[in-house]
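The structure appears right after this line, and notes come after that.
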Amino acid sequence: MCQNLVRTLLLEAHSHTYKRHRPEQTMLYQLVERHYPEFLEQLSHQGKSLPKHVEKEFEEFLKCGRLEHGFLRVVCDDCKHEKLVAFSCKKRGFCPSCGARRMAESAKLLVDDVLSGYPVRQWVLSLPIPLRLLLARYPKELSKVMQIIHRAIATDVIQRAGYLKKQANTGAVTYIQRFGSALNLNIHFHMLFLEGVITQEDAKVKFSRVKAPSHADMEHLVHVISHRIAAYLERAGLIERDANSAFLDLPLEDEDGMLHLQAASVNYRIAVGKDIGKKVFTLQTLPAQDEDTYGQLAQIDGVSLHAGVFADTHQAQKLERLCRYIARPAVSEKRLSLTATGNIRYELKTPYKDGTTHVFFSPFDFISKLAALVPPPRLNLTRFYGVFAPNSNVRARVTASQRGKKSPRLAEQLKDPEQPYHARSMPWAQRLKRVFNIDITVCEACKKTNVKIIACITEAAIIQKILTHLDKQDSPITANSCRAPPLNESMQLTRLDDFVIQRDFDFGA
């Protein structure tokens, strides 16, 4: 009896009701709202402008989670208790709310549907600063560069397993991260590789595990990758080399106004204002650390390869933490604060080797750093390779969701067995409950599960009428949220744990 009571209390303590995200009360939102129009005006005085997709990113961010721009009406059929659910922007640049939602969804997808039951090693490849800028200007070249990287690592894994490339294959999921810890533009790759190979014997799939790579293997790999990337970029005419040095073939005309912003962000420089071109101001509060403390690492000519993080078959929680880490949003609001002079202070996630713990930006330079982080449209930042590739013949047999060609889930129903099986995406309410333990179908007032969406409100006149009525009634639904508190230096951001922060995010329709 007591054990059941304790278990019930623990479940209630770990379950949460939906709480609307109020972006207008966050520092990031207020900084963008206040300084973005002035930043555009300053660019126009210089005869420059932002690309349309970057402008749209900022405009949609300012609408994200705001009831004034549309919402769903959710009502309990039993007690008629009502709540409004604001829409989210669903952008990929710097919105922490949508980024955290995407992070949680991606981690659950990978752990449950793709990587379940396999040991996984994370490989992280970083590029020299000039190549980061080159790939930012030519995003179409990312696919070729990633193919080079994947082939090199996959070949190494297969050979260490004692097979030839024709006899076995491996799989990987790669995330393209475009940001660094200091909000700098830093294109690098987080790759989750199977710690082994997949073979087919008598029409059956078999997994064979391999040992961890040695430091000699790492050095050989980084040497092969760096030379192959350089050779490809030279053949593509993107770099030119002579006997002594190499040069990037970047466009001289900055047609979209982004080249100088990206170049400044990549090189840790100030992009706008009177101090343009100078190094971003940093704060060093820790002593410098030895490179040996940074684990298994191989470097050559600015290309670094790290493979020191491993999740075994039984470590599902560790694998999910790893997936959440590599899919995390670019900006962390809890590390953002203001100085007494009105500048923005941003704390690094991990101190640099020289002891740097914080970077400082002027408001305009902060906006320029956000603009540089926005990915171009139609650029897929998550890639599947090897046995996990969409066109792989064994994908349906090696993944828990059985997605892909010849899926056994639909083998009897489909007339064409070659037609791929696509698992249905989770409904919004189920996603909230599964990822964040928030059951939006439960009414906060009567605790019954009879909550339904009754309307989608998008017309401005109707939106204004409803919100005005709720404000006059002092309704907790709006709580006068349109009037945000003023920015000030003493404003402190509460350091909450990862789960509590994410349960307050908006999950618009």
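To be explicit about the labels: the chains of the structure tokens are called A, B, and onward in the order shown, and within each one the residues are counted from 1, while ligands get numbers from 1 in the order they are shown.
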
Among region 278-374 of chain A, which ones does DSSP assign to alpha helix (DSSP H) (computed from the backbone)? Answer as a ChimeraX atom specification. /A:316-326,363-372

Neighbours of Lys80 (chain A) within 9 Å (only C-alpha atoms; same-chain residues fewer than 4 positions away dropped), as a compact mmCIF listing (two decimals) with N, CA and C atoms, in the first residue's frame?
# COMPACT_ATOMS: atom_id res chain seq x y z
N VAL A 75 -10.00 23.29 -25.44
CA VAL A 75 -11.06 23.35 -24.43
C VAL A 75 -11.35 21.96 -23.88
N CYS A 76 -11.61 21.91 -22.58
CA CYS A 76 -12.03 20.66 -21.93
C CYS A 76 -13.54 20.52 -22.10
N VAL A 451 -9.81 16.81 -23.39
CA VAL A 451 -9.39 18.09 -23.94
C VAL A 451 -9.28 17.98 -25.46

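By only C-alpha atoms, and with residues fewer than 6 positions from region 268-283 of chain A along its chain excluded, the set lying at most 6 Å from it is Leu261, Thr356, Thr357, His358, Val359, Phe360 and Asp365 of chain A.
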
In terms of the shortest atom-to-atom distance over only C-alpha atoms, which of A:Gly70, A:Leu131, A:Leu297, A:Glu333 is closest to Asn267 (chain A)? A:Leu131

With region 36-56 of chain A as the partner and 8 Å as the cut-off, tabulate the residues of region 363-411 of chain A that qualify, each row holding the nearest pair of atoms and their distance in Å to one decimal, using only C-alpha atoms, sorted by chain and rising number, as a tab-separated table.
residue	atom	partner	partner_atom	distance
A:Phe364	CA	A:Phe39	CA	5.8
A:Ile367	CA	A:Tyr36	CA	6.5
A:Ala371	CA	A:Val54	CA	6.4
A:Val374	CA	A:Val54	CA	6.3
A:Pro376	CA	A:His53	CA	7.1
A:Pro377	CA	A:His53	CA	6.9

Taking 3 positions as the minimum chain separation for residues in the same chain, which residues sit within 10 Å of Leu319 (chain A) when counting only C-alpha atoms? Answer as a PyMOL selection string. chain A and resi 107-108+110-111+115-116+119-122+192+309-316+322-325

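Of the listed residues (A:Leu338, A:Ile453, A:Ala330, A:Ala216), A:Ala330 comes nearest to Leu370 (chain A); the distances count only C-alpha atoms.
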
From the list A:Lys447, A:His306, A:Lys472, A:Lys165, the nearest residue to Met218 (chain A) using only C-alpha atoms is A:His306

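Minimum atom-to-atom distances from A:Glu219, A:Gln317, A:Ser337, A:Val173 to Gln30 (chain A) were compared using only C-alpha atoms, and the lowest value belongs to A:Ser337.
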
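Look at region 378-391 of chain A: the protein and nucleic acid residues within 9 Å of it, using only C-alpha atoms and passing over chain neighbours fewer than 3 places away, are Val114, Pro139, Lys140, Gln147, His150, Ala154, Asn169, Thr170, Gly171, Ala172, Val173, Thr174, Tyr175, Ile176, Gln177, Ile198, Pro375, Val394, Arg395, Ala396, Val398, Thr399, Arg403, Gly404, Lys405 and Pro420 of chain A.
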
DSSP on the backbone, then: every residue of region 92-284 of chain A marked strand (DSSP E or B), written as a ChimeraX atom specification. /A:120-126,169,171-179,185-194,196-201,204-209,239-241,246-248,269,279,281-284
